[in-house]
>>> print(open('final_7.cif').read())   # mmCIF, C-alpha atoms
data_entry
#
loop_
_atom_site.label_atom_id
_atom_site.label_comp_id
_atom_site.auth_asym_id
_atom_site.auth_seq_id
_atom_site.Cartn_x
_atom_site.Cartn_y
_atom_site.Cartn_z
CA MET Z 1 -6.72 -8.36 1.17
CA ALA Z 2 -5.05 -8.10 -2.21
CA THR Z 3 -6.88 -11.16 -3.43
CA GLU Z 4 -10.25 -9.43 -2.97
CA PHE Z 5 -9.61 -7.23 -6.00
CA PRO Z 6 -8.79 -8.47 -9.45
CA LEU Z 7 -5.43 -7.04 -10.52
CA PRO Z 8 -5.45 -4.47 -13.31
CA ARG Z 9 -4.45 -6.17 -16.55
CA VAL Z 10 -1.10 -4.40 -16.67
CA LEU Z 11 -0.10 -6.22 -13.47
CA THR Z 12 -1.14 -9.68 -14.58
CA TYR Z 13 2.05 -10.36 -16.55
CA PRO Z 14 5.21 -11.82 -15.00
CA ALA Z 15 7.50 -9.51 -13.03
CA SER Z 16 10.51 -10.00 -10.80
CA ALA Z 17 8.33 -9.59 -7.69
CA PRO Z 18 4.56 -9.92 -7.27
CA PRO Z 19 2.70 -6.59 -6.92
CA SER Z 20 1.37 -5.75 -3.48
CA LEU Z 21 -1.66 -3.64 -2.65
CA ILE Z 22 -0.50 -0.69 -0.54
CA ALA Z 23 -3.56 1.48 -0.20
CA GLN Z 24 -7.12 1.65 -1.36
CA GLY Z 25 -9.08 4.84 -1.69
CA ALA Z 26 -12.47 5.83 -3.01
CA GLU Z 27 -11.07 6.58 -6.44
CA GLY Z 28 -8.38 4.03 -6.90
CA ARG Z 29 -5.85 1.57 -5.63
CA LEU Z 30 -2.13 1.88 -5.09
CA TYR Z 31 0.18 -1.04 -5.76
CA LYS Z 32 3.86 -1.41 -5.17
CA THR Z 33 5.53 -3.08 -8.12
CA THR Z 34 8.55 -2.71 -10.39
CA HIS Z 35 9.27 -0.75 -13.55
CA LEU Z 36 11.33 -2.70 -16.12
CA HIS Z 37 13.43 -4.52 -13.53
CA ALA Z 38 13.69 -5.52 -9.90
CA ASP Z 39 15.90 -2.57 -8.91
CA ARG Z 40 13.32 -0.01 -10.02
CA PRO Z 41 10.51 -0.15 -7.46
CA CYS Z 42 7.50 1.92 -8.42
CA ALA Z 43 4.00 2.83 -7.32
CA LEU Z 44 1.19 1.95 -9.67
CA LYS Z 45 -1.94 4.00 -9.25
CA TYR Z 46 -4.95 2.30 -10.76
CA ARG Z 47 -8.39 3.79 -11.22
CA PRO Z 48 -10.77 0.87 -11.83
CA PRO Z 49 -13.91 1.35 -13.93
CA LYS Z 50 -16.89 2.49 -11.87
CA PRO Z 51 -19.88 0.24 -12.55
CA TYR Z 52 -22.35 2.90 -11.40
CA ARG Z 53 -21.23 5.39 -14.05
CA HIS Z 54 -22.17 5.40 -17.69
CA PRO Z 55 -19.28 3.54 -19.43
CA ILE Z 56 -18.47 6.32 -21.89
CA LEU Z 57 -18.49 9.00 -19.20
CA ASP Z 58 -16.49 6.71 -16.88
CA ALA Z 59 -13.80 6.10 -19.51
CA ARG Z 60 -13.55 9.81 -20.23
CA LEU Z 61 -13.28 10.81 -16.55
CA THR Z 62 -10.68 8.15 -15.76
CA LYS Z 63 -8.57 9.13 -18.72
CA ALA Z 64 -8.78 12.84 -17.94
CA ARG Z 65 -7.84 12.31 -14.29
CA ILE Z 66 -4.84 10.10 -14.99
CA ALA Z 67 -3.69 12.59 -17.64
CA ALA Z 68 -4.15 15.55 -15.29
CA GLU Z 69 -2.16 13.92 -12.50
CA ALA Z 70 0.67 12.96 -14.87
CA LYS Z 71 0.86 16.47 -16.31
CA VAL Z 72 1.00 18.07 -12.89
CA LEU Z 73 3.78 15.70 -11.78
CA ASP Z 74 5.73 16.43 -14.97
CA ARG Z 75 5.39 20.16 -14.50
CA CYS Z 76 6.39 20.00 -10.83
CA TYR Z 77 9.35 17.69 -11.39
CA ARG Z 78 10.76 19.84 -14.17
CA GLU Z 79 10.44 22.92 -12.00
CA GLY Z 80 12.38 21.26 -9.20
CA VAL Z 81 9.43 20.69 -6.85
CA PRO Z 82 10.12 17.55 -4.78
CA VAL Z 83 7.65 15.05 -6.31
CA PRO Z 84 7.99 11.51 -7.70
CA VAL Z 85 8.90 11.23 -11.38
CA VAL Z 86 6.50 9.53 -13.83
CA TYR Z 87 7.78 6.23 -15.28
CA ALA Z 88 4.92 5.12 -17.51
CA LEU Z 89 1.17 5.41 -17.90
CA ASP Z 90 -1.85 4.35 -19.88
CA ALA Z 91 -4.60 6.91 -19.36
CA ALA Z 92 -7.21 4.88 -21.26
CA ALA Z 93 -6.47 1.78 -19.18
CA GLY Z 94 -6.52 3.92 -16.02
CA TRP Z 95 -3.03 3.42 -14.61
CA LEU Z 96 -0.07 5.61 -13.76
CA MET Z 97 3.34 4.25 -12.78
CA ILE Z 98 5.50 6.57 -10.71
CA GLU Z 99 8.76 6.45 -8.80
CA TRP Z 100 8.60 4.65 -5.46
CA ILE Z 101 9.57 7.02 -2.67
CA GLU Z 102 11.51 5.29 0.11
CA GLY Z 103 11.02 6.35 3.71
CA ILE Z 104 8.05 7.07 5.95
CA PRO Z 105 5.17 9.56 5.76
CA VAL Z 106 5.87 12.86 7.51
CA ARG Z 107 2.92 12.07 9.78
CA GLN Z 108 4.75 9.04 11.14
CA GLY Z 109 8.02 10.93 11.49
CA ILE Z 110 6.40 13.67 13.56
CA ASN Z 111 4.60 11.15 15.73
CA GLU Z 112 7.82 9.26 16.40
CA TRP Z 113 9.47 12.50 17.41
CA LEU Z 114 6.59 13.40 19.72
CA GLY Z 115 6.58 9.86 21.09
CA GLU Z 116 7.75 10.38 24.66
CA ARG Z 117 6.56 13.94 25.04
CA PRO Z 118 3.97 14.78 27.73
CA GLU Z 119 0.35 14.78 26.66
CA ASP Z 120 -0.29 18.49 26.82
CA ASP Z 121 0.89 21.16 24.44
CA ALA Z 122 3.09 22.78 27.08
CA PRO Z 123 6.38 24.24 25.92
CA PRO Z 124 9.05 21.57 25.98
CA ALA Z 125 11.52 21.18 28.79
CA GLU Z 126 14.46 23.56 28.70
CA ASP Z 127 16.93 20.88 27.75
CA LEU Z 128 14.99 19.57 24.73
CA ASP Z 129 16.62 20.63 21.51
CA GLU Z 130 13.77 21.23 19.06
CA THR Z 131 16.02 22.07 16.12
CA PRO Z 132 15.36 18.80 14.18
CA ILE Z 133 11.55 19.10 14.26
CA VAL Z 134 11.62 22.85 13.57
CA ASP Z 135 13.88 22.09 10.66
CA LEU Z 136 11.36 19.58 9.33
CA MET Z 137 8.61 22.22 9.59
CA LYS Z 138 10.78 24.54 7.51
CA ARG Z 139 11.36 21.88 4.87
CA ILE Z 140 7.60 21.33 4.66
CA GLY Z 141 7.07 25.08 4.20
CA GLN Z 142 9.69 25.21 1.47
CA ALA Z 143 8.25 22.19 -0.35
CA VAL Z 144 4.73 23.66 -0.36
CA GLY Z 145 6.18 27.05 -1.33
CA SER Z 146 7.98 25.60 -4.34
CA LEU Z 147 4.78 23.81 -5.37
CA HIS Z 148 2.76 27.03 -5.23
CA ARG Z 149 5.49 28.98 -6.99
CA THR Z 150 5.12 26.52 -9.88
CA GLY Z 151 1.42 27.31 -10.13
CA VAL Z 152 0.11 24.05 -8.75
CA ILE Z 153 -2.43 23.57 -5.95
CA HIS Z 154 -2.19 20.17 -4.28
CA GLY Z 155 -5.80 20.00 -3.13
CA ASP Z 156 -5.23 17.54 -0.29
CA LEU Z 157 -2.20 18.64 1.70
CA THR Z 158 -1.76 16.54 4.82
CA THR Z 159 1.24 15.09 6.61
CA SER Z 160 0.23 11.71 5.15
CA ASN Z 161 0.67 13.05 1.64
CA MET Z 162 4.29 13.97 2.27
CA MET Z 163 7.11 11.46 2.48
CA LEU Z 164 10.38 11.75 4.37
CA ARG Z 165 12.97 10.22 2.09
CA PRO Z 166 16.22 9.33 3.84
CA ARG Z 167 19.29 10.99 2.35
CA PRO Z 168 21.99 8.67 0.95
CA GLN Z 169 24.04 6.82 3.56
CA GLY Z 170 27.06 8.65 4.88
CA SER Z 171 25.87 12.09 3.74
CA GLU Z 172 25.04 13.06 7.31
CA PRO Z 173 26.51 12.29 10.71
CA GLU Z 174 24.88 9.43 12.59
CA ALA Z 175 21.87 10.68 14.50
CA ASP Z 176 19.91 9.07 17.32
CA ALA Z 177 16.63 7.35 16.52
CA LYS Z 178 14.48 10.36 17.37
CA LYS Z 179 16.44 12.76 15.22
CA LYS Z 180 16.41 10.18 12.47
CA ALA Z 181 12.60 10.08 12.56
CA VAL Z 182 12.39 13.65 11.30
CA ALA Z 183 15.44 13.63 9.01
CA GLY Z 184 15.34 13.37 5.23
CA ASP Z 185 13.95 15.17 2.20
CA VAL Z 186 10.26 16.08 2.10
CA ILE Z 187 8.62 14.70 -1.05
CA LEU Z 188 5.04 15.66 -1.90
CA ILE Z 189 2.85 12.78 -3.10
CA ASP Z 190 -0.72 12.02 -4.26
CA PHE Z 191 -1.63 14.65 -6.82
CA GLY Z 192 -5.00 13.07 -7.56
CA LEU Z 193 -6.82 16.26 -6.54
CA ALA Z 194 -4.25 18.75 -7.82
CA THR Z 195 -5.19 21.69 -10.01
CA GLN Z 196 -3.23 24.43 -11.69
CA SER Z 197 -3.76 27.89 -10.25
CA SER Z 198 -1.75 30.88 -9.13
CA SER Z 199 -4.42 32.78 -7.22
CA ASP Z 200 -3.86 33.84 -3.63
CA GLU Z 201 -7.26 32.42 -2.75
CA ASP Z 202 -6.49 28.88 -4.00
CA ARG Z 203 -3.04 28.89 -2.45
CA ALA Z 204 -4.40 30.11 0.88
CA VAL Z 205 -7.08 27.42 0.92
CA ASP Z 206 -4.39 24.81 0.18
CA LEU Z 207 -2.42 26.04 3.21
CA TYR Z 208 -5.55 26.19 5.33
CA VAL Z 209 -6.35 22.55 4.54
CA LEU Z 210 -2.83 21.64 5.66
CA GLU Z 211 -3.12 23.74 8.80
CA ARG Z 212 -6.38 22.07 9.81
CA ALA Z 213 -5.11 18.60 8.95
CA PHE Z 214 -1.95 19.27 10.93
CA ALA Z 215 -3.87 20.45 13.98
CA SER Z 216 -6.07 17.38 14.05
CA THR Z 217 -3.31 14.85 13.24
CA HIS Z 218 -0.69 16.36 15.54
CA PRO Z 219 -2.53 18.35 18.23
CA ARG Z 220 0.56 18.23 20.44
CA ALA Z 221 2.69 19.88 17.76
CA GLU Z 222 0.21 22.53 16.69
CA ARG Z 223 2.35 25.43 17.83
CA LEU Z 224 5.18 24.23 15.58
CA PHE Z 225 3.06 24.90 12.49
CA SER Z 226 4.07 28.57 12.52
CA HIS Z 227 7.51 27.45 11.30
CA VAL Z 228 5.87 25.95 8.21
CA LEU Z 229 4.25 29.27 7.38
CA GLU Z 230 7.43 31.18 8.18
CA ALA Z 231 9.48 29.11 5.71
CA TYR Z 232 6.65 29.32 3.17
CA LYS Z 233 6.72 33.12 3.40
CA HIS Z 234 10.32 33.24 2.22
CA SER Z 235 9.98 30.58 -0.47
CA PHE Z 236 8.56 32.75 -3.27
CA LYS Z 237 7.69 36.31 -4.06
CA LYS Z 238 3.92 36.25 -3.75
CA ALA Z 239 3.89 34.10 -0.60
CA HIS Z 240 3.41 37.14 1.61
CA SER Z 241 0.05 38.05 0.09
CA VAL Z 242 -1.05 34.40 0.30
CA LEU Z 243 -0.49 34.50 4.06
CA ILE Z 244 -2.57 37.65 4.35
CA LYS Z 245 -5.32 35.85 2.44
CA LEU Z 246 -4.93 32.90 4.79
CA GLU Z 247 -6.16 35.16 7.62
CA ASP Z 248 -9.42 35.68 5.70
CA VAL Z 249 -9.77 31.98 4.97
CA ARG Z 250 -9.32 31.12 8.65
CA MET Z 251 -12.19 33.46 9.49
CA ARG Z 252 -14.64 31.91 7.07
CA GLY Z 253 -13.42 28.34 6.45
CA ARG Z 254 -12.43 26.51 3.32
CA LYS Z 255 -15.52 27.32 1.28
CA ARG Z 256 -16.25 30.79 0.05
CA SER Z 257 -19.49 32.32 1.13
CA MET Z 258 -22.17 32.16 -1.51
CA LEU Z 259 -24.04 35.09 0.00
CA GLY Z 260 -24.11 38.53 -1.56
CA MET T 261 27.09 -13.68 -29.60
CA SER T 262 26.26 -10.13 -28.53
CA LEU T 263 22.54 -10.65 -28.97
CA GLU T 264 20.79 -10.47 -25.63
CA THR T 265 17.34 -11.67 -24.69
CA LEU T 266 15.93 -8.91 -22.52
CA GLU T 267 14.01 -9.63 -19.34
CA ILE T 268 11.49 -6.84 -18.82
CA ASP T 269 8.97 -6.80 -15.97
CA HIS T 270 5.27 -6.87 -16.85
CA ILE T 271 5.77 -8.17 -20.36
CA PRO T 272 3.92 -11.44 -21.03
CA SER T 273 5.97 -14.57 -21.61
CA SER T 274 4.45 -14.81 -25.10
CA HIS T 275 6.86 -12.03 -26.09
CA ARG T 276 10.60 -12.54 -26.57
CA ILE T 277 12.69 -9.44 -26.94
CA HIS T 278 16.20 -9.55 -28.36
CA ALA T 279 18.60 -6.65 -28.67
CA ALA T 280 22.15 -5.84 -29.70
CA LEU T 281 24.32 -2.89 -30.61
CA PHE T 282 26.52 -2.41 -33.67
CA HIS T 283 29.27 0.18 -33.78
CA ASP T 284 30.70 1.76 -36.94
CA VAL T 285 28.05 0.44 -39.28
CA SER T 286 29.01 1.02 -42.92
CA ASN T 287 25.84 -0.11 -44.72
CA THR T 288 23.19 2.09 -43.08
CA ASP T 289 21.87 3.02 -46.54
CA PHE T 290 21.19 -0.66 -47.32
CA LEU T 291 19.37 -1.22 -43.99
CA HIS T 292 17.37 1.99 -44.47
CA ALA T 293 16.34 0.85 -47.96
CA GLN T 294 15.05 -2.46 -46.56
CA LEU T 295 12.85 -0.58 -44.09
CA LEU T 296 11.49 1.71 -46.81
CA ALA T 297 10.77 -1.30 -49.03
CA ARG T 298 9.03 -2.98 -46.07
CA ASN T 299 11.12 -6.06 -46.68
CA PRO T 300 9.52 -8.66 -44.38
CA ASP T 301 12.94 -10.14 -43.62
CA PHE T 302 13.89 -6.86 -41.97
CA ASP T 303 11.15 -6.68 -39.39
CA TYR T 304 13.37 -5.08 -36.74
CA THR T 305 13.66 -1.85 -34.82
CA PHE T 306 16.81 -0.02 -35.90
CA LEU T 307 17.68 2.89 -33.63
CA ASP T 308 20.34 5.53 -34.06
CA ALA T 309 22.33 5.00 -30.84
CA SER T 310 23.47 8.62 -30.82
CA SER T 311 19.91 9.67 -29.82
CA VAL T 312 19.76 7.12 -27.02
CA ILE T 313 20.85 7.69 -23.42
CA SER T 314 20.99 4.26 -21.82
CA ARG T 315 19.65 0.75 -21.62
CA LEU T 316 16.87 1.94 -19.33
CA HIS T 317 15.88 4.50 -21.95
CA VAL T 318 15.52 1.77 -24.63
CA LEU T 319 13.72 -0.59 -22.25
CA SER T 320 11.17 2.12 -21.41
CA ALA T 321 10.38 2.53 -25.10
CA ILE T 322 10.08 -1.23 -25.63
CA TYR T 323 7.81 -1.49 -22.60
CA ARG T 324 5.49 1.17 -23.92
CA ALA T 325 5.41 -0.35 -27.40
CA VAL T 326 4.55 -3.81 -26.08
CA THR T 327 1.89 -2.58 -23.63
CA THR T 328 0.35 -0.50 -26.42
CA GLN T 329 0.23 -3.59 -28.60
CA LEU T 330 -1.38 -5.62 -25.80
CA GLU T 331 -4.08 -2.96 -25.42
CA GLY T 332 -4.65 -3.20 -29.17
CA SER T 333 -3.94 0.47 -29.71
CA LEU T 334 -0.79 0.58 -31.83
CA THR T 335 -0.48 3.92 -33.64
CA THR T 336 2.04 2.56 -36.12
CA ALA T 337 2.08 -0.61 -38.22
CA THR T 338 4.10 -2.93 -35.98
CA PRO T 339 5.52 -3.11 -32.45
CA HIS T 340 8.94 -2.51 -34.05
CA SER T 341 7.93 0.86 -35.44
CA GLU T 342 6.05 1.60 -32.21
CA VAL T 343 9.37 1.41 -30.33
CA VAL T 344 10.70 4.27 -32.49
CA LEU T 345 7.59 6.33 -31.81
CA SER T 346 7.76 5.47 -28.11
CA LEU T 347 11.09 7.27 -27.86
CA SER T 348 9.53 10.50 -29.05
CA PRO T 349 7.91 13.13 -26.83
CA ASN T 350 5.35 13.88 -29.57
CA ASN T 351 3.02 11.95 -31.90
CA ASN T 352 4.75 12.82 -35.18
CA ILE T 353 5.86 9.48 -36.64
CA ALA T 354 8.03 10.92 -39.44
CA ASP T 355 9.74 13.12 -36.90
CA ALA T 356 10.37 10.15 -34.59
CA TYR T 357 11.98 8.22 -37.45
CA ARG T 358 14.16 11.19 -38.37
CA ARG T 359 15.40 11.47 -34.81
CA TRP T 360 15.53 7.92 -33.46
CA GLY T 361 15.48 5.89 -36.66
CA ILE T 362 18.53 5.38 -38.84
CA THR T 363 19.63 7.95 -41.43
CA PRO T 364 21.86 6.97 -44.38
CA GLY T 365 25.15 8.83 -44.27
CA LYS T 366 24.69 9.90 -40.65
CA THR T 367 23.97 6.92 -38.43
CA LYS T 368 27.13 5.09 -37.33
CA ASP T 369 26.00 3.14 -34.29
CA ILE T 370 22.81 1.10 -34.44
CA ILE T 371 20.72 -0.53 -31.74
CA VAL T 372 18.74 -3.47 -33.11
CA ILE T 373 15.63 -4.79 -31.39
CA LYS T 374 13.64 -7.85 -32.40
CA ILE T 375 10.30 -8.49 -30.77
CA VAL T 376 9.04 -12.03 -31.33
CA SER T 377 5.56 -13.09 -30.27
CA GLY T 378 2.95 -15.71 -30.93
CA THR T 379 3.66 -18.61 -33.21
CA GLU T 380 6.69 -17.29 -35.10
CA VAL T 381 9.69 -18.69 -33.27
CA PRO T 382 13.04 -17.79 -34.76
CA THR T 383 15.71 -18.75 -32.25
CA PRO T 384 18.21 -16.14 -31.01
CA GLU T 385 20.79 -18.01 -33.10
CA ASP T 386 18.68 -17.58 -36.26
CA ILE T 387 18.23 -13.87 -35.55
CA TRP T 388 21.89 -13.37 -34.80
CA ALA T 389 22.97 -15.19 -37.95
CA HIS T 390 20.70 -12.98 -40.03
CA LEU T 391 21.82 -9.77 -38.33
CA THR T 392 25.54 -10.43 -38.57
CA GLY T 393 25.04 -11.30 -42.22
CA ALA T 394 23.06 -8.13 -42.95
CA ILE T 395 24.78 -5.48 -40.82
CA LYS T 396 28.34 -4.46 -41.63
CA GLY T 397 29.57 -3.25 -38.26
CA THR T 398 31.19 -4.22 -34.98
CA PRO T 399 28.77 -6.01 -32.66
CA ALA T 400 28.68 -5.08 -28.98
CA PRO T 401 26.41 -5.89 -26.05
CA LEU T 402 23.59 -3.46 -25.27
CA SER T 403 25.23 -2.10 -22.11
CA ASP T 404 25.19 1.41 -20.66
CA GLU T 405 28.93 1.71 -21.38
CA GLU T 406 28.54 0.81 -25.05
CA ILE T 407 25.52 3.09 -25.52
CA ALA T 408 27.32 5.97 -23.77
CA LYS T 409 30.11 5.79 -26.39
CA ALA T 410 27.56 6.75 -29.03
CA THR T 411 25.30 9.24 -27.18
CA ASP T 412 25.25 12.73 -28.66
CA TRP T 413 24.15 14.75 -25.63
CA PRO T 414 23.47 18.11 -27.32
CA LYS T 415 21.10 16.27 -29.67
CA VAL T 416 19.39 14.37 -26.82
CA ARG T 417 18.95 17.59 -24.84
CA LYS T 418 17.34 19.23 -27.84
CA TYR T 419 15.00 16.33 -28.59
CA TYR T 420 13.69 16.19 -25.03
CA SER T 421 13.74 19.98 -24.41
CA LEU T 422 16.25 19.64 -21.59
CA ASN T 423 18.18 22.85 -22.17
CA ALA T 424 16.32 25.16 -19.82
CA VAL T 425 14.91 22.86 -17.17
CA PRO T 426 14.95 24.48 -13.70
CA ALA T 427 15.34 21.07 -12.03
CA LEU T 428 18.73 20.65 -13.75
CA ALA T 429 20.06 24.11 -12.91
CA SER T 430 21.36 23.22 -9.46
CA VAL T 431 22.90 19.85 -10.45
CA LYS T 432 26.64 20.27 -10.78
CA ASP T 433 27.91 16.69 -10.89
CA GLU T 434 27.92 15.53 -14.52
CA GLU T 435 27.02 11.91 -13.75
CA VAL T 436 24.07 12.93 -11.52
CA ARG T 437 23.01 15.40 -14.20
CA ARG T 438 22.89 12.68 -16.84
CA ARG T 439 20.79 10.42 -14.63
CA GLU T 440 18.40 13.34 -14.08
CA MET T 441 18.18 13.94 -17.83
CA GLU T 442 17.44 10.25 -18.32
CA ARG T 443 14.58 10.51 -15.81
CA LEU T 444 13.20 13.60 -17.52
CA ALA T 445 13.44 11.98 -20.97
CA ILE T 446 11.59 8.85 -19.81
CA MET T 447 8.91 11.05 -18.25
CA LYS T 448 8.56 13.00 -21.53
CA MET T 449 8.10 9.72 -23.38
CA ALA T 450 5.50 8.50 -20.89
CA LEU T 451 3.52 11.73 -21.30
CA ARG T 452 3.36 11.59 -25.08
CA GLY T 453 -0.19 11.91 -26.33
CA LEU T 454 -1.73 13.50 -23.23
#
>>> encode(input="final_7.cif", output="structure tokens")
Amino acid sequence: MATEFPLPRVLTYPASAPPSLIAQGAEGRLYKTTHLHADRPCALKYRPPKPYRHPILDARLTKARIAAEAKVLDRCYREGVPVPVVYALDAAAGWLMIEWIEGIPVRQGINEWLGERPEDDAPPAEDLDETPIVDLMKRIGQAVGSLHRTGVIHGDLTTSNMMLRPRPQGSEPEADAKKKAVAGDVILIDFGLATQSSSDEDRAVDLYVLERAFASTHPRAERLFSHVLEAYKHSFKKAHSVLIKLEDVRMRGRKRSMLG
Amino acid sequence: MSLETLEIDHIPSSHRIHAALFHDVSNTDFLHAQLLARNPDFDYTFLDASSVISRLHVLSAIYRAVTTQLEGSLTTATPHSEVVLSLSPNNNIADAYRRWGITPGKTKDIIVIKIVSGTEVPTPEDIWAHLTGAIKGTPAPLSDEEIAKATDWPKVRKYYSLNAVPALASVKDEEVRRREMERLAIMKMALRGL
């Protein structure tokens, strides 16, 4: 597939390993490549020029979006929010090089955990220890809480936009495969739609998007979502009022009513 | 010969990048004067190693300078001066030279970078012969260990505003802390100009 797209110019020069196309979205493409040398894997996010837009407007939008994403990542990383660090960028050329996060998406981790469970959403058998998955839910709540505390709204929270990065070898006792699937640090990724805001409304909508995405991606784990919100509630001071707002948002949906 | 030819990913083969480190340099004033006079024989980047964290830190600056040159958007006169600017978190060129360039009477350890491209082809031997003739100091390879001997951390923390960063508050291990500061500094450099 990679050959269907011309590489961005920045990737046409020699490197220790050829870049590979990882994902392709409406706005841009994600490559895996290296920063400076082979032992620094990185993700390169490239926003190609849009032929249907006026060139001057297109250049301005691309530049502004790359810049916005880089600034949000910088702010989050400095505040201790678990996000990838920025390695390099060229806003005018439309690319952003960030740290490569090892591991699997949270979505995959949850699905591997649920793997052998019965189809329905019935409470698990008595002997099933749910601690590892509940613990993951709490780590998700804390990660989103720290993001919101920093004044950043992700804009597209899903379990695909969170990575589970394995902790260094030997730091934890050996776990079985299932426990391993939900172990690791939660890292938030893809800040292409992120904005800066500290309002209860924006934070509640961010949580609502995650709640809905979670319910449709993991219908069998829906009841576990309450642990996300519980951990979120204790992660920063204003979280409590965000959760009250979330009740309103659930009643009306993501978009505010334009009536009245 | 302590001069190294650096291999940096995503830099075209038309560019050759050489680097070395000199400890205890005694003729900084002479080198500084050559830069001010724009002596074409001294088309090098001279960095004050006390403001530098590591090899990775230098490589990041070189990478930015070369990519900027390839895009045709150099802010300074040459890729050599662009390396100095690339180390700075802001666009003030004079400020970048004061902090990362060499200062007579102050700079003791110097990192030298030579970027060669296009038709001019001095060999590493030519460059090394010229450098050892011009710089009165003790040559050393550009390794993390050698750079670490020179790094002035309070200065680096000030230049990259690393003194009150929440992300560093919980890091106790000094080695881990330094790697974190290196990451934050490289990010600051990448975000310059946004």
>>> closest_residue(input="final_7.cif", among="Z:Ser241, Z:Gln142, Z:Thr150, Z:Ser199", to="chain T", atoms="all atoms listed in the file")
Z:Thr150
>>> closest_atom_pairs(input="final_7.cif", of="chain T", to="chain Z", cutoff="8 Å", atoms="all atoms listed in the file", output="JSON lines")
{"residue": "T:Glu267", "atom": "CA", "partner": "Z:His37", "partner_atom": "CA", "distance": 7.8}
{"residue": "T:Ile268", "atom": "CA", "partner": "Z:Leu36", "partner_atom": "CA", "distance": 4.9}
{"residue": "T:Asp269", "atom": "CA", "partner": "Z:Ala15", "partner_atom": "CA", "distance": 4.3}
{"residue": "T:His270", "atom": "CA", "partner": "Z:Tyr13", "partner_atom": "CA", "distance": 4.8}
{"residue": "T:Ile271", "atom": "CA", "partner": "Z:Tyr13", "partner_atom": "CA", "distance": 5.8}
{"residue": "T:Pro272", "atom": "CA", "partner": "Z:Tyr13", "partner_atom": "CA", "distance": 5.0}
{"residue": "T:Ser273", "atom": "CA", "partner": "Z:Pro14", "partner_atom": "CA", "distance": 7.2}
{"residue": "T:Leu316", "atom": "CA", "partner": "Z:Leu36", "partner_atom": "CA", "distance": 7.9}
{"residue": "T:Leu319", "atom": "CA", "partner": "Z:Leu36", "partner_atom": "CA", "distance": 6.9}
{"residue": "T:Ser320", "atom": "CA", "partner": "Z:Leu36", "partner_atom": "CA", "distance": 7.2}
{"residue": "T:Tyr323", "atom": "CA", "partner": "Z:Leu36", "partner_atom": "CA", "distance": 7.5}
{"residue": "T:Arg324", "atom": "CA", "partner": "Z:Ala88", "partner_atom": "CA", "distance": 7.6}
{"residue": "T:Thr327", "atom": "CA", "partner": "Z:Val10", "partner_atom": "CA", "distance": 7.8}
{"residue": "T:Val425", "atom": "CA", "partner": "Z:Arg78", "partner_atom": "CA", "distance": 5.9}
{"residue": "T:Pro426", "atom": "CA", "partner": "Z:Glu79", "partner_atom": "CA", "distance": 5.1}
{"residue": "T:Ala427", "atom": "CA", "partner": "Z:Gly80", "partner_atom": "CA", "distance": 4.1}
{"residue": "T:Leu428", "atom": "CA", "partner": "Z:Gly80", "partner_atom": "CA", "distance": 7.8}
{"residue": "T:Arg443", "atom": "CA", "partner": "Z:Val85", "partner_atom": "CA", "distance": 7.2}
{"residue": "T:Leu444", "atom": "CA", "partner": "Z:Arg78", "partner_atom": "CA", "distance": 7.5}
{"residue": "T:Ile446", "atom": "CA", "partner": "Z:Tyr87", "partner_atom": "CA", "distance": 6.5}
{"residue": "T:Met447", "atom": "CA", "partner": "Z:Val86", "partner_atom": "CA", "distance": 5.3}
{"residue": "T:Lys448", "atom": "CA", "partner": "Z:Asp74", "partner_atom": "CA", "distance": 7.9}
{"residue": "T:Ala450", "atom": "CA", "partner": "Z:Ala88", "partner_atom": "CA", "distance": 4.8}
{"residue": "T:Leu451", "atom": "CA", "partner": "Z:Ala70", "partner_atom": "CA", "distance": 7.1}
{"residue": "T:Leu454", "atom": "CA", "partner": "Z:Ala67", "partner_atom": "CA", "distance": 6.0}
>>> resolve_selection(input="final_7.cif", expression="the PyMOL selection byres ((chain T and resi 361) around 12)", output="ChimeraX atom specification")
/T:288,291-292,295-296,304-312,340-348,353-360,362-364,366-373
>>> atom_distance(input="final_7.cif", atom1="CA of Leu243 in chain Z", atom2="CA of Leu229 in chain Z")
7.8 Å
>>> atom_distance(input="final_7.cif", atom1="CA of Asp284 in chain T", atom2="CA of Thr338 in chain T")
27.0 Å
>>> atom_distance(input="final_7.cif", atom1="CA of Ala389 in chain T", atom2="CA of Asp412 in chain T")
29.5 Å
>>> closest_residue(input="final_7.cif", among="T:Ile313, T:Val436, T:Val326, T:Ile387", to="Tyr420 in chain T", atoms="all atoms listed in the file")
T:Ile313
>>> resolve_selection(input="final_7.cif", expression="the PyMOL selection byres ((chain Z and resi 5) around 12)", output="PyMOL selection string")
chain Z and resi 1-4+6-9+20-21+24+28-31+46+48
>>> resolve_selection(input="final_7.cif", expression="the PyMOL selection byres ((chain T and resi 374-384) around 6)", output="compact mmCIF listing (two decimals) with C-alpha atoms, in the coordinates of the input")
# COMPACT_ATOMS: atom_id res chain seq x y z
CA SER T 274 4.45 -14.81 -25.10
CA HIS T 275 6.86 -12.03 -26.09
CA ARG T 276 10.60 -12.54 -26.57
CA ILE T 277 12.69 -9.44 -26.94
CA HIS T 278 16.20 -9.55 -28.36
CA TYR T 304 13.37 -5.08 -36.74
CA ILE T 373 15.63 -4.79 -31.39
CA GLU T 385 20.79 -18.01 -33.10
CA ASP T 386 18.68 -17.58 -36.26
CA ILE T 387 18.23 -13.87 -35.55
CA TRP T 388 21.89 -13.37 -34.80
>>> closest_residue(input="final_7.cif", among="T:Arg315, T:His283, T:Arg437, T:Arg298", to="Leu402 in chain T", atoms="all atoms listed in the file")
T:Arg315
